[in-house]
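Colleague: Enclosed is the structure file query_33.pdb (PDB, C-alpha atoms).
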```pdb
ATOM      1  CA  ASP A 266     -27.853   3.616 -10.892
ATOM      2  CA  GLY A 267     -25.615   0.557 -10.770
ATOM      3  CA  PRO A 268     -23.909  -0.548 -14.000
ATOM      4  CA  GLY A 269     -25.581  -3.973 -13.977
ATOM      5  CA  PRO A 270     -24.374  -7.383 -15.246
ATOM      6  CA  GLY A 271     -22.023  -7.305 -18.186
ATOM      7  CA  TRP A 272     -21.368  -3.589 -17.736
ATOM      8  CA  LEU A 273     -17.632  -3.761 -18.465
ATOM      9  CA  ASP A 274     -17.811  -3.368 -22.256
ATOM     10  CA  PRO A 275     -15.054  -1.517 -24.169
ATOM     11  CA  GLY A 276     -16.789   1.859 -23.821
ATOM     12  CA  SER A 277     -17.318   1.516 -20.069
ATOM     13  CA  ALA A 278     -13.773   0.175 -19.709
ATOM     14  CA  VAL A 279     -12.396   3.393 -21.213
ATOM     15  CA  GLU A 280     -14.411   5.432 -18.707
ATOM     16  CA  LEU A 281     -13.263   3.231 -15.855
ATOM     17  CA  GLY A 282      -9.623   3.506 -16.886
ATOM     18  CA  ARG A 283      -9.858   7.298 -16.823
ATOM     19  CA  LEU A 284     -11.741   7.314 -13.523
ATOM     20  CA  VAL A 285      -9.200   5.109 -11.757
ATOM     21  CA  ALA A 286      -6.332   7.121 -13.226
ATOM     22  CA  ALA A 287      -7.810  10.253 -11.625
ATOM     23  CA  LEU A 288      -7.647   8.544  -8.228
ATOM     24  CA  HIS A 289      -4.178   7.138  -8.843
ATOM     25  CA  THR A 290      -2.717  10.522  -9.761
ATOM     26  CA  MET A 291      -3.737  12.108  -6.462
ATOM     27  CA  HIS A 292      -0.913  13.137  -4.167
ATOM     28  CA  ASP A 293      -0.543  10.543  -1.412
ATOM     29  CA  GLY A 294       1.544  12.480   1.097
ATOM     30  CA  TRP A 295      -1.414  12.672   3.469
ATOM     31  CA  PHE A 296      -0.885   8.943   4.143
ATOM     32  CA  ASP A 297       2.458   9.622   5.803
ATOM     33  CA  ILE A 298       0.967  10.158   9.258
ATOM     34  CA  TYR A 299      -0.917   6.857   9.022
ATOM     35  CA  GLU A 300       2.288   5.016   8.172
ATOM     36  CA  VAL A 301       4.103   6.648  11.083
ATOM     37  CA  LEU A 302       1.359   5.611  13.512
ATOM     38  CA  ALA A 303       0.357   2.258  11.985
ATOM     39  CA  GLN A 304       2.633   0.000  14.043
ATOM     40  CA  ARG A 305       1.855   1.807  17.287
ATOM     41  CA  ASP A 306      -1.891   1.740  16.670
ATOM     42  CA  LEU A 307      -2.061  -1.915  15.644
ATOM     43  CA  CYS A 308       0.447  -3.420  18.076
ATOM     44  CA  ASP A 309      -0.656  -1.335  21.085
ATOM     45  CA  THR A 310      -4.426  -1.078  20.592
ATOM     46  CA  GLY A 311      -5.208  -3.872  18.126
ATOM     47  CA  TYR A 312      -6.778  -1.511  15.563
ATOM     48  CA  CYS A 313      -5.341   0.490  12.673
ATOM     49  CA  GLU A 314      -7.558   2.365  10.227
ATOM     50  CA  VAL A 315      -5.534   1.438   7.144
ATOM     51  CA  LEU A 316      -5.016  -2.192   8.217
ATOM     52  CA  GLN A 317      -8.577  -3.271   8.889
ATOM     53  CA  LEU A 318      -8.240  -6.920   7.843
ATOM     54  CA  TRP A 319      -5.241  -7.365  10.120
ATOM     55  CA  SER A 320      -7.114  -5.595  12.922
ATOM     56  CA  SER A 321     -10.111  -7.940  12.596
ATOM     57  CA  ALA A 322      -7.910 -11.021  12.435
ATOM     58  CA  SER A 323      -5.978  -9.862  15.515
ATOM     59  CA  LYS A 324      -9.262  -9.510  17.414
ATOM     60  CA  LEU A 325     -10.151 -13.070  16.454
ATOM     61  CA  ALA A 326      -6.713 -14.200  17.616
ATOM     62  CA  GLY A 327      -7.307 -12.573  20.994
ATOM     63  CA  ALA A 328      -4.334 -10.194  21.017
ATOM     64  CA  PRO A 329      -2.629  -7.538  18.858
ATOM     65  CA  PRO A 330       0.323  -8.611  16.712
ATOM     66  CA  SER A 331       3.756  -8.742  18.265
ATOM     67  CA  ALA A 332       6.660  -6.608  17.102
ATOM     68  CA  ALA A 333       8.090  -9.750  15.490
ATOM     69  CA  GLU A 334       4.905 -10.309  13.446
ATOM     70  CA  TRP A 335       4.907  -6.685  12.357
ATOM     71  CA  LYS A 336       8.526  -6.943  11.251
ATOM     72  CA  GLN A 337       7.833 -10.185   9.374
ATOM     73  CA  ALA A 338       4.968  -8.630   7.395
ATOM     74  CA  MET A 339       6.883  -5.456   6.612
ATOM     75  CA  ASN A 340       9.975  -7.362   5.504
ATOM     76  CA  ALA A 341       7.876  -9.568   3.230
ATOM     77  CA  VAL A 342       5.620  -7.029   1.498
ATOM     78  CA  GLY A 343       6.033  -3.627   3.174
ATOM     79  CA  GLN A 344       7.419  -2.028   0.023
ATOM     80  CA  TYR A 345       4.164  -2.775  -1.825
ATOM     81  CA  GLY A 346       1.840  -0.620   0.284
ATOM     82  CA  HIS A 347      -0.819  -1.041   2.967
ATOM     83  CA  PHE A 348      -3.053  -3.317   0.880
ATOM     84  CA  ALA A 349      -0.460  -6.088   0.652
ATOM     85  CA  VAL A 350       0.641  -5.627   4.278
ATOM     86  CA  ASP A 351      -2.980  -5.875   5.456
ATOM     87  CA  ILE A 352      -3.562  -9.217   3.738
ATOM     88  CA  TYR A 353      -0.232 -10.698   4.785
ATOM     89  CA  GLY A 354      -0.647  -9.573   8.403
ATOM     90  CA  ALA A 355      -4.222 -10.864   8.564
ATOM     91  CA  ALA A 356      -3.027 -14.286   7.425
ATOM     92  CA  LEU A 357      -0.391 -14.237  10.179
ATOM     93  CA  ALA A 358      -3.000 -13.351  12.794
ATOM     94  CA  LEU A 359      -5.394 -16.045  11.576
ATOM     95  CA  GLU A 360      -2.614 -18.606  11.915
ATOM     96  CA  ARG A 361      -2.230 -17.497  15.520
ATOM     97  CA  SER A 362      -5.995 -17.789  16.045
ATOM     98  CA  LEU A 363      -5.791 -21.498  15.251
ATOM     99  CA  ASN A 364      -4.293 -22.178  18.671
ATOM    100  CA  LEU A 365      -6.503 -24.352  20.845
ATOM    101  CA  GLY A 366      -9.078 -22.421  22.826
ATOM    102  CA  SER A 367      -8.890 -19.213  20.807
ATOM    103  CA  GLY A 368     -10.607 -17.497  17.957
ATOM    104  CA  TRP A 369     -12.487 -19.752  15.607
ATOM    105  CA  SER A 370     -13.004 -22.647  18.017
ATOM    106  CA  GLU A 371     -14.600 -20.354  20.603
ATOM    107  CA  ARG A 372     -16.941 -18.887  18.010
ATOM    108  CA  LEU A 373     -17.911 -22.326  16.745
ATOM    109  CA  GLU A 374     -18.621 -23.621  20.253
ATOM    110  CA  ALA A 375     -20.714 -20.519  21.006
ATOM    111  CA  THR A 376     -23.027 -21.425  18.088
ATOM    112  CA  GLY A 377     -23.273 -25.063  19.122
ATOM    113  CA  ALA A 378     -20.889 -26.309  16.430
ATOM    114  CA  ARG A 379     -18.022 -28.607  17.202
ATOM    115  CA  PRO A 380     -14.640 -26.902  17.628
ATOM    116  CA  LEU A 381     -12.001 -27.194  14.940
ATOM    117  CA  GLN A 382     -10.492 -30.633  14.758
ATOM    118  CA  PRO A 383      -6.721 -31.171  14.511
ATOM    119  CA  ARG A 384      -6.942 -32.083  10.834
ATOM    120  CA  GLU A 385      -8.972 -28.928  10.106
ATOM    121  CA  ARG A 386      -6.495 -26.737  11.946
ATOM    122  CA  GLU A 387      -3.638 -28.313   9.999
ATOM    123  CA  GLN A 388      -5.371 -27.672   6.653
ATOM    124  CA  LEU A 389      -6.256 -24.095   7.553
ATOM    125  CA  CYS A 390      -2.732 -23.375   8.722
ATOM    126  CA  SER A 391      -1.351 -24.693   5.431
ATOM    127  CA  ALA A 392      -3.809 -22.530   3.495
ATOM    128  CA  LEU A 393      -2.797 -19.389   5.402
ATOM    129  CA  VAL A 394       0.902 -20.074   4.919
ATOM    130  CA  ALA A 395       0.203 -20.518   1.207
ATOM    131  CA  ALA A 396      -1.788 -17.255   1.139
ATOM    132  CA  ARG A 397       1.190 -15.334   2.525
ATOM    133  CA  GLY A 398       3.401 -16.869  -0.144
ATOM    134  CA  PHE A 399       0.916 -15.972  -2.892
ATOM    135  CA  ILE A 400       0.809 -12.329  -1.786
ATOM    136  CA  ALA A 401       4.589 -12.032  -1.753
ATOM    137  CA  GLU A 402       5.000 -13.733  -5.136
ATOM    138  CA  ALA A 403       2.204 -11.826  -6.876
ATOM    139  CA  CYS A 404       3.703  -8.549  -5.661
ATOM    140  CA  GLY A 405       7.138  -9.736  -6.756
ATOM    141  CA  LEU A 406       5.857 -10.488 -10.257
ATOM    142  CA  LEU A 407       4.946  -6.804 -10.530
ATOM    143  CA  ASP A 408       8.422  -5.643  -9.477
ATOM    144  CA  GLY A 409       9.973  -3.477 -12.150
ATOM    145  CA  ARG A 410       6.680  -2.932 -13.957
ATOM    146  CA  SER A 411       6.767   0.824 -14.350
ATOM    147  CA  LEU A 412       3.053   1.685 -14.603
ATOM    148  CA  LEU A 413       1.019  -0.795 -12.536
ATOM    149  CA  ALA A 414       3.701  -1.358  -9.870
ATOM    150  CA  ARG A 415       3.461   2.285  -8.771
ATOM    151  CA  ILE A 416       2.342   2.867  -5.186
ATOM    152  CA  VAL A 417      -0.774   5.035  -5.428
ATOM    153  CA  VAL A 418      -3.866   6.103  -3.512
ATOM    154  CA  GLY A 419      -5.921   2.934  -3.889
ATOM    155  CA  HIS A 420      -9.668   2.419  -3.492
ATOM    156  CA  CYS A 421      -9.003  -1.279  -2.724
ATOM    157  CA  ASP A 422     -12.676  -2.332  -2.865
ATOM    158  CA  LEU A 423     -13.650  -1.388  -6.395
ATOM    159  CA  HIS A 424     -16.390  -3.910  -7.189
ATOM    160  CA  ALA A 425     -19.416  -3.214  -9.399
ATOM    161  CA  LEU A 426     -21.624  -2.028  -6.523
ATOM    162  CA  ASN A 427     -19.104   0.723  -5.817
ATOM    163  CA  ILE A 428     -19.238   1.949  -9.425
ATOM    164  CA  LEU A 429     -22.335   3.913 -10.380
ATOM    165  CA  ARG A 430     -23.633   5.904 -13.339
ATOM    166  CA  ARG A 431     -24.822   9.427 -12.681
ATOM    167  CA  GLU A 432     -28.415  10.025 -13.728
ATOM    168  CA  SER A 433     -27.508  13.533 -14.841
ATOM    169  CA  ASP A 434     -25.078  12.648 -17.629
ATOM    170  CA  GLY A 435     -24.510   8.878 -17.515
ATOM    171  CA  SER A 436     -20.859   9.201 -16.482
ATOM    172  CA  LEU A 437     -19.211   6.732 -14.124
ATOM    173  CA  ALA A 438     -18.536   7.563 -10.489
ATOM    174  CA  MET A 439     -16.958   5.532  -7.691
ATOM    175  CA  ILE A 440     -18.295   5.348  -4.142
ATOM    176  CA  GLY A 441     -17.387   3.331  -1.051
ATOM    177  CA  LEU A 442     -14.144   5.133  -0.287
ATOM    178  CA  ASP A 443     -14.256   3.909   3.308
ATOM    179  CA  ALA A 444     -10.659   2.748   3.632
ATOM    180  CA  PRO A 445      -8.375   4.143   0.936
ATOM    181  CA  ARG A 446      -4.747   3.205   1.357
ATOM    182  CA  ARG A 447      -1.456   3.035  -0.456
ATOM    183  CA  ALA A 448      -1.509   0.118  -2.862
ATOM    184  CA  LEU A 449      -0.007  -1.139  -6.085
ATOM    185  CA  ALA A 450      -1.711   0.536  -9.038
ATOM    186  CA  ALA A 451      -2.697  -2.896 -10.385
ATOM    187  CA  VAL A 452      -5.032  -3.545  -7.453
ATOM    188  CA  ASP A 453      -8.040  -1.366  -8.318
ATOM    189  CA  LEU A 454      -8.463  -2.189 -12.008
ATOM    190  CA  SER A 455      -7.817  -5.863 -11.275
ATOM    191  CA  HIS A 456     -10.414  -5.925  -8.504
ATOM    192  CA  CYS A 457     -13.151  -5.422 -11.100
ATOM    193  CA  LEU A 458     -11.777  -8.345 -13.102
ATOM    194  CA  SER A 459     -11.312 -10.662 -10.116
ATOM    195  CA  LEU A 460     -15.014 -10.581  -9.293
ATOM    196  CA  PHE A 461     -15.890 -12.157 -12.638
ATOM    197  CA  VAL A 462     -14.344 -15.334 -11.201
ATOM    198  CA  LEU A 463     -17.329 -15.458  -8.819
ATOM    199  CA  GLU A 464     -19.830 -14.879 -11.649
ATOM    200  CA  PRO A 465     -19.299 -17.871 -13.947
ATOM    201  CA  GLU A 466     -22.408 -17.064 -15.987
ATOM    202  CA  LEU A 467     -20.847 -13.749 -17.055
ATOM    203  CA  PRO A 468     -18.090 -13.847 -19.694
ATOM    204  CA  TYR A 469     -14.723 -12.513 -18.588
ATOM    205  CA  PRO A 470     -14.067  -9.078 -20.116
ATOM    206  CA  SER A 471     -12.627  -9.516 -23.593
ATOM    207  CA  LEU A 472      -9.067  -8.726 -24.553
ATOM    208  CA  GLN A 473     -10.433  -5.779 -26.534
ATOM    209  CA  THR A 474     -12.097  -4.470 -23.360
ATOM    210  CA  ARG A 475      -9.004  -4.918 -21.210
ATOM    211  CA  ARG A 476      -6.796  -3.269 -23.836
ATOM    212  CA  ALA A 477      -9.194  -0.320 -24.064
ATOM    213  CA  MET A 478      -9.154   0.091 -20.290
ATOM    214  CA  MET A 479      -5.360   0.080 -20.105
ATOM    215  CA  ARG A 480      -4.925   2.485 -23.035
ATOM    216  CA  ALA A 481      -7.342   4.941 -21.414
ATOM    217  CA  TYR A 482      -5.666   4.549 -18.014
ATOM    218  CA  ALA A 483      -2.188   5.059 -19.445
ATOM    219  CA  ALA A 484      -3.256   8.092 -21.475
ATOM    220  CA  ALA A 485      -4.865   9.711 -18.406
ATOM    221  CA  VAL A 486      -1.829   9.035 -16.213
ATOM    222  CA  GLY A 487       0.478  10.416 -18.876
ATOM    223  CA  ARG A 488      -1.578  13.591 -19.268
ATOM    224  CA  ASP A 489      -1.975  14.389 -15.594
ATOM    225  CA  ALA A 490       0.543  17.036 -14.638
ATOM    226  CA  SER A 491      -0.557  17.274 -11.015
ATOM    227  CA  GLN A 492       1.475  14.251  -9.968
ATOM    228  CA  GLN A 493       5.221  13.834 -10.237
ATOM    229  CA  VAL A 494       5.096  10.498 -12.031
ATOM    230  CA  ASP A 495       8.573   9.023 -12.330
ATOM    231  CA  SER A 496      10.116   9.110 -15.783
ATOM    232  CA  ALA A 497       9.888   5.350 -16.371
ATOM    233  CA  ALA A 498       6.157   5.338 -15.587
ATOM    234  CA  SER A 499       5.611   8.453 -17.700
ATOM    235  CA  ASN A 500       7.473   6.911 -20.641
ATOM    236  CA  ALA A 501       5.486   3.691 -20.323
ATOM    237  CA  ALA A 502       2.207   5.585 -20.195
ATOM    238  CA  THR A 503       3.133   7.564 -23.297
ATOM    239  CA  ALA A 504       4.199   4.428 -25.164
ATOM    240  CA  VAL A 505       1.002   2.550 -24.329
ATOM    241  CA  ALA A 506      -1.207   5.455 -25.296
ATOM    242  CA  SER A 507       0.585   6.131 -28.590
ATOM    243  CA  GLU A 508       1.540   2.656 -29.844
ATOM    244  CA  LYS A 509      -0.490   1.503 -32.813
ATOM    245  CA  ASP A 510       0.271  -2.155 -32.129
ATOM    246  CA  ASN A 511      -0.522  -3.939 -28.884
ATOM    247  CA  GLU A 512       2.930  -4.955 -27.626
ATOM    248  CA  TRP A 513       3.051  -2.489 -24.719
ATOM    249  CA  VAL A 514      -0.616  -2.662 -23.824
ATOM    250  CA  ASP A 515      -0.616  -6.464 -23.732
ATOM    251  CA  GLU A 516       2.143  -6.398 -21.124
ATOM    252  CA  LEU A 517      -0.131  -4.203 -19.003
ATOM    253  CA  VAL A 518      -3.035  -6.588 -19.544
ATOM    254  CA  LEU A 519      -0.841  -9.379 -18.151
ATOM    255  CA  ASP A 520       0.008  -7.130 -15.191
ATOM    256  CA  LEU A 521      -3.729  -6.841 -14.556
ATOM    257  CA  GLU A 522      -3.885 -10.616 -14.182
ATOM    258  CA  LYS A 523      -1.195 -10.414 -11.481
ATOM    259  CA  GLY A 524      -3.486  -7.992  -9.682
ATOM    260  CA  VAL A 525      -6.340 -10.492 -10.047
ATOM    261  CA  ALA A 526      -4.231 -13.010  -8.104
ATOM    262  CA  LEU A 527      -3.655 -10.427  -5.348
ATOM    263  CA  ASN A 528      -7.359  -9.685  -5.111
ATOM    264  CA  ALA A 529      -8.212 -13.385  -5.007
ATOM    265  CA  VAL A 530      -6.066 -13.785  -1.883
ATOM    266  CA  PHE A 531      -7.673 -10.667  -0.419
ATOM    267  CA  GLY A 532     -11.095 -12.229  -1.013
ATOM    268  CA  ALA A 533      -9.995 -15.503   0.553
ATOM    269  CA  ILE A 534      -8.734 -13.889   3.765
ATOM    270  CA  ALA A 535     -11.798 -11.639   3.997
ATOM    271  CA  GLY A 536     -13.937 -14.745   3.496
ATOM    272  CA  TYR A 537     -12.342 -16.538   6.431
ATOM    273  CA  LEU A 538     -13.069 -13.509   8.621
ATOM    274  CA  THR A 539     -16.684 -13.033   7.547
ATOM    275  CA  LEU A 540     -17.825 -16.566   6.689
ATOM    276  CA  GLY A 541     -15.730 -18.609   9.114
ATOM    277  CA  PRO A 542     -13.354 -21.524   8.666
ATOM    278  CA  ARG A 543     -15.845 -24.039   7.269
ATOM    279  CA  GLN A 544     -16.750 -22.625   3.865
ATOM    280  CA  ARG A 545     -15.613 -23.239   0.312
ATOM    281  CA  THR A 546     -15.332 -19.730  -1.099
ATOM    282  CA  SER A 547     -11.948 -18.995   0.461
ATOM    283  CA  TRP A 548     -10.536 -22.343  -0.634
ATOM    284  CA  GLY A 549     -11.748 -21.668  -4.175
ATOM    285  CA  LEU A 550     -10.194 -18.204  -4.274
ATOM    286  CA  LEU A 551      -6.871 -19.540  -3.020
ATOM    287  CA  GLY A 552      -7.053 -22.112  -5.798
ATOM    288  CA  VAL A 553      -7.604 -19.320  -8.326
ATOM    289  CA  ALA A 554      -4.591 -17.442  -6.932
ATOM    290  CA  SER A 555      -2.424 -20.560  -7.024
ATOM    291  CA  ARG A 556      -3.245 -21.382 -10.643
ATOM    292  CA  ALA A 557      -2.934 -17.776 -11.774
ATOM    293  CA  ILE A 558       0.446 -17.264 -10.127
ATOM    294  CA  GLY A 559       1.749 -20.546 -11.519
ATOM    295  CA  ALA A 560       0.717 -19.522 -15.030
ATOM    296  CA  LEU A 561       2.087 -15.993 -14.677
ATOM    297  CA  ARG A 562       5.369 -17.350 -13.328
ATOM    298  CA  SER A 563       5.777 -19.439 -16.483
ATOM    299  CA  VAL A 564       4.875 -16.499 -18.711
ATOM    300  CA  ALA A 565       7.347 -14.220 -16.915
ATOM    301  CA  ALA A 566      10.095 -16.796 -17.512
ATOM    302  CA  GLY A 567       9.398 -16.601 -21.233
ATOM    303  CA  THR A 568       8.954 -20.351 -21.516
ATOM    304  CA  ALA A 569       5.233 -20.538 -22.309
ATOM    305  CA  PRO A 570       4.220 -18.499 -25.393
ATOM    306  CA  ASN A 571       1.010 -20.476 -25.876
ATOM    307  CA  LEU A 572       0.030 -19.946 -22.259
ATOM    308  CA  ARG A 573       0.740 -16.231 -22.622
ATOM    309  CA  ALA A 574      -1.585 -16.063 -25.615
ATOM    310  CA  ARG A 575      -4.278 -17.931 -23.694
ATOM    311  CA  LEU A 576      -4.005 -15.624 -20.670
ATOM    312  CA  LEU A 577      -4.365 -12.614 -22.932
ATOM    313  CA  ARG A 578      -7.313 -14.088 -24.748
ATOM    314  CA  ASP A 579      -9.277 -15.593 -21.857
ATOM    315  CA  GLY A 580      -7.835 -14.093 -18.657
TER     316      GLY A 580
END
```
Turn the structure described in the file into structure tokens.
Modeller:
Amino acid sequence: DGPGPGWLDPGSAVELGRLVAALHTMHDGWFDIYEVLAQRDLCDTGYCEVLQLWSSASKLAGAPPSAAEWKQAMNAVGQYGHFAVDIYGAALALERSLNLGSGWSERLEATGARPLQPREREQLCSALVAARGFIAEACGLLDGRSLLARIVVGHCDLHALNILRRESDGSLAMIGLDAPRRALAAVDLSHCLSLFVLEPELPYPSLQTRRAMMRAYAAAVGRDASQQVDSAASNAATAVASEKDNEWVDELVLDLEKGVALNAVFGAIAGYLTLGPRQRTSWGLLGVASRAIGALRSVAAGTAPNLRARLLRDG
């Protein structure tokens, strides 16, 4: 039974926070073999199980990524996990696909549409360069954030259709674990929020809801003894769960918005791959990412207290 529109109320947010914390406190050592083999698989065969966006974009480009492209992606965002690397690498491959006679133009001609014009290629190339910059900056804004900057086992596709309620007891469960990967902890909880951007008739989850979700998440992470959470993250989790005021939890709510920017770029790149180059959704999502990152940059600098209050209130 799917949660339905408007499902993310404070009560459901508490359940979701606990559910995601259970995933994020799993040991992730079983990913090591994938990391060891990732470059070989992608650069030699064109497909890597934990880098599916990059694999699809490389197919569109007509060839696997070069060693230089791999190094560029890893240098830019490799420290932030597979999710960020996948988006960044896919943007690189899509840039390569814009060469005359490859990728998108061939697909368009096969359907009877005119191939990409020079002006279109120029605009798309600029958008993909911007997307790579957004990914790197959004990840960088999370640097030093002890709880949501952890690298964890991420679902990485946690939208409402992958969150169900059990008929037996009404509890939440997640499905769709087709491509788990190492990711920043902010990614999964923020994915749920980012999709409200595409549902303008639904109100963005309230500050009360987002605070409740982060308190529940922090409390669950702090309690879980099965994972060796570093001391800074453990201290942050304890502080958020125990603080009577909202100083700590509001910082985590702002970190969620950084994750929303990451997921917006993910949606944009996925949109180019599934919907093609001539559609508005990807442009809109890149616009969301651009505005969000600009606002969060100002907030991080401590120069925009009114903007900070607005981001907390409205998202």
Colleague: When you count all atoms listed in the file, which of these residues is closest to Tyr469 of chain A: A:Leu273, A:Leu519, A:Ala450, A:Leu284?
Modeller: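 Checking each of A:Leu273, A:Leu519, A:Ala450, A:Leu284 against Tyr469 of chain A, counting all atoms listed in the file, the winner is A:Leu273.
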Colleague: Got a sec to resolve the PyMOL selection byres ((chain A and resi 433-440) around 10) on this structure and send the residues as a PDB file with C-alpha atoms, in the coordinates of the input?
Modeller:
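Contents of out.pdb, as written:
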```
ATOM      1  CA  ASP A 266     -27.853   3.616 -10.892  1.00  0.00           C
ATOM      2  CA  GLY A 267     -25.615   0.557 -10.770  1.00  0.00           C
ATOM      3  CA  PRO A 268     -23.909  -0.548 -14.000  1.00  0.00           C
ATOM      4  CA  SER A 277     -17.318   1.516 -20.069  1.00  0.00           C
ATOM      5  CA  GLU A 280     -14.411   5.432 -18.707  1.00  0.00           C
ATOM      6  CA  LEU A 281     -13.263   3.231 -15.855  1.00  0.00           C
ATOM      7  CA  ARG A 283      -9.858   7.298 -16.823  1.00  0.00           C
ATOM      8  CA  LEU A 284     -11.741   7.314 -13.523  1.00  0.00           C
ATOM      9  CA  VAL A 285      -9.200   5.109 -11.757  1.00  0.00           C
ATOM     10  CA  LEU A 288      -7.647   8.544  -8.228  1.00  0.00           C
ATOM     11  CA  HIS A 420      -9.668   2.419  -3.492  1.00  0.00           C
ATOM     12  CA  ASP A 422     -12.676  -2.332  -2.865  1.00  0.00           C
ATOM     13  CA  LEU A 423     -13.650  -1.388  -6.395  1.00  0.00           C
ATOM     14  CA  HIS A 424     -16.390  -3.910  -7.189  1.00  0.00           C
ATOM     15  CA  ALA A 425     -19.416  -3.214  -9.399  1.00  0.00           C
ATOM     16  CA  LEU A 426     -21.624  -2.028  -6.523  1.00  0.00           C
ATOM     17  CA  ASN A 427     -19.104   0.723  -5.817  1.00  0.00           C
ATOM     18  CA  ILE A 428     -19.238   1.949  -9.425  1.00  0.00           C
ATOM     19  CA  LEU A 429     -22.335   3.913 -10.380  1.00  0.00           C
ATOM     20  CA  ARG A 430     -23.633   5.904 -13.339  1.00  0.00           C
ATOM     21  CA  ARG A 431     -24.822   9.427 -12.681  1.00  0.00           C
ATOM     22  CA  GLU A 432     -28.415  10.025 -13.728  1.00  0.00           C
ATOM     23  CA  GLY A 441     -17.387   3.331  -1.051  1.00  0.00           C
ATOM     24  CA  LEU A 442     -14.144   5.133  -0.287  1.00  0.00           C
ATOM     25  CA  ASP A 443     -14.256   3.909   3.308  1.00  0.00           C
TER      26      ASP A 443
END
```
Colleague: Kindly indicate which residue among A:Arg488, A:Arg578, A:Arg480, A:Lys523 lies nearest to Leu561 of chain A, using all atoms listed in the file for the distances.
Modeller: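 Checking each candidate against Leu561 of chain A, we get A:Lys523 as the closest.
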Colleague: Applied to this file, what does the PyMOL selection byres ((chain A and resi 541-550) around 8) return in terms of residues, put as a PyMOL selection string?
Modeller: chain A and resi 369+389+392+529-530+532-534+536-540+551-554
Colleague: Evaluating the PyMOL selection byres ((chain A and resi 324) around 12) on the displayed file yields which residues, as a PyMOL selection string?
Modeller: chain A and resi 307-308+310-313+317-323+325-330+355+358-359+361-362+367-369+538
Colleague: Out of A:Leu458, A:Val486, A:Ala395, A:Met339, which residue has the shortest atom-to-atom distance to Ala356 of chain A when counting only C-alpha atoms?
Modeller: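 Checking each of A:Leu458, A:Val486, A:Ala395, A:Met339 against Ala356 of chain A, counting only C-alpha atoms, the winner is A:Ala395.
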Colleague: Which of these residues is nearest to Asp293 of chain A, using all atoms listed in the file: A:Arg410, A:Val564, A:Gly346, A:Ser370?
Modeller: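 Under the stated criterion, the closest residue is A:Gly346.
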Colleague: What does the structure give for the distance between atom CA of Asp453 of chain A and atom CA of Arg575 of chain A, in Å to one decimal?
Modeller: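 These atoms are spaced 22.9 Å apart.
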Colleague: For a test of reading the model, state the distance in Å between atom CA of Glu387 of chain A and atom CA of Arg562 of chain A, rounded to one decimal.
Modeller: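 Here the two named atoms are 27.3 Å from each other.
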Colleague: Using all atoms listed in the file, which of A:Asn340, A:Asn528, A:Thr376, A:Ser555 sits nearest Val452 of chain A?
Modeller: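 Comparing A:Asn340, A:Asn528, A:Thr376, A:Ser555 against Val452 of chain A, the winner is A:Asn528.
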Colleague: Which residue, A:Leu527, A:Val350, A:Thr290, A:Glu402, has the smallest gap to Gly559 of chain A when you use only C-alpha atoms?
Modeller: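 Among A:Leu527, A:Val350, A:Thr290, A:Glu402, it is A:Glu402 that comes nearest to Gly559 of chain A.
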Colleague: Put a box with edges along x, y and z around all the listed atoms of segment 322-329 of chain A, pad it by 8 Å on each side, then give me its centre and sizes in Å, one decimal, as lines of an AutoDock Vina configuration file.
Modeller:
```
center_x = -6.4
center_y = -10.9
center_z = 16.7
size_x = 23.5
size_y = 22.7
size_z = 24.6
```
Colleague: Around (-4.8, -12.9, -21.8) in the file's own coordinates, what residues are found within 12 Å if you use all atoms listed in the file, given back as a ChimeraX atom specification?
Modeller: /A:469-476,514-523,557,560-561,564,570-580
Colleague: Take the selection from the previous step and output its residues with C-alpha atoms, as a tab-separated table (two decimals), in the frame of the given file.
Modeller:
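Everything below was put into part-v6.tsv:
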```tsv
chain	number	residue	atom	x	y	z
A	469	TYR	CA	-14.72	-12.51	-18.59
A	470	PRO	CA	-14.07	-9.08	-20.12
A	471	SER	CA	-12.63	-9.52	-23.59
A	472	LEU	CA	-9.07	-8.73	-24.55
A	473	GLN	CA	-10.43	-5.78	-26.53
A	474	THR	CA	-12.10	-4.47	-23.36
A	475	ARG	CA	-9.00	-4.92	-21.21
A	476	ARG	CA	-6.80	-3.27	-23.84
A	514	VAL	CA	-0.62	-2.66	-23.82
A	515	ASP	CA	-0.62	-6.46	-23.73
A	516	GLU	CA	2.14	-6.40	-21.12
A	517	LEU	CA	-0.13	-4.20	-19.00
A	518	VAL	CA	-3.04	-6.59	-19.54
A	519	LEU	CA	-0.84	-9.38	-18.15
A	520	ASP	CA	0.01	-7.13	-15.19
A	521	LEU	CA	-3.73	-6.84	-14.56
A	522	GLU	CA	-3.88	-10.62	-14.18
A	523	LYS	CA	-1.20	-10.41	-11.48
A	557	ALA	CA	-2.93	-17.78	-11.77
A	560	ALA	CA	0.72	-19.52	-15.03
A	561	LEU	CA	2.09	-15.99	-14.68
A	564	VAL	CA	4.88	-16.50	-18.71
A	570	PRO	CA	4.22	-18.50	-25.39
A	571	ASN	CA	1.01	-20.48	-25.88
A	572	LEU	CA	0.03	-19.95	-22.26
A	573	ARG	CA	0.74	-16.23	-22.62
A	574	ALA	CA	-1.58	-16.06	-25.62
A	575	ARG	CA	-4.28	-17.93	-23.69
A	576	LEU	CA	-4.00	-15.62	-20.67
A	577	LEU	CA	-4.36	-12.61	-22.93
A	578	ARG	CA	-7.31	-14.09	-24.75
A	579	ASP	CA	-9.28	-15.59	-21.86
A	580	GLY	CA	-7.84	-14.09	-18.66
```
Colleague: Just the number, please: distance in Å from atom CA of Val418 of chain A to atom CA of Ala278 of chain A, one decimal.
Modeller: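 If I compute the distance from atom CA of Val418 of chain A to atom CA of Ala278 of chain A, I get 19.9 Å.
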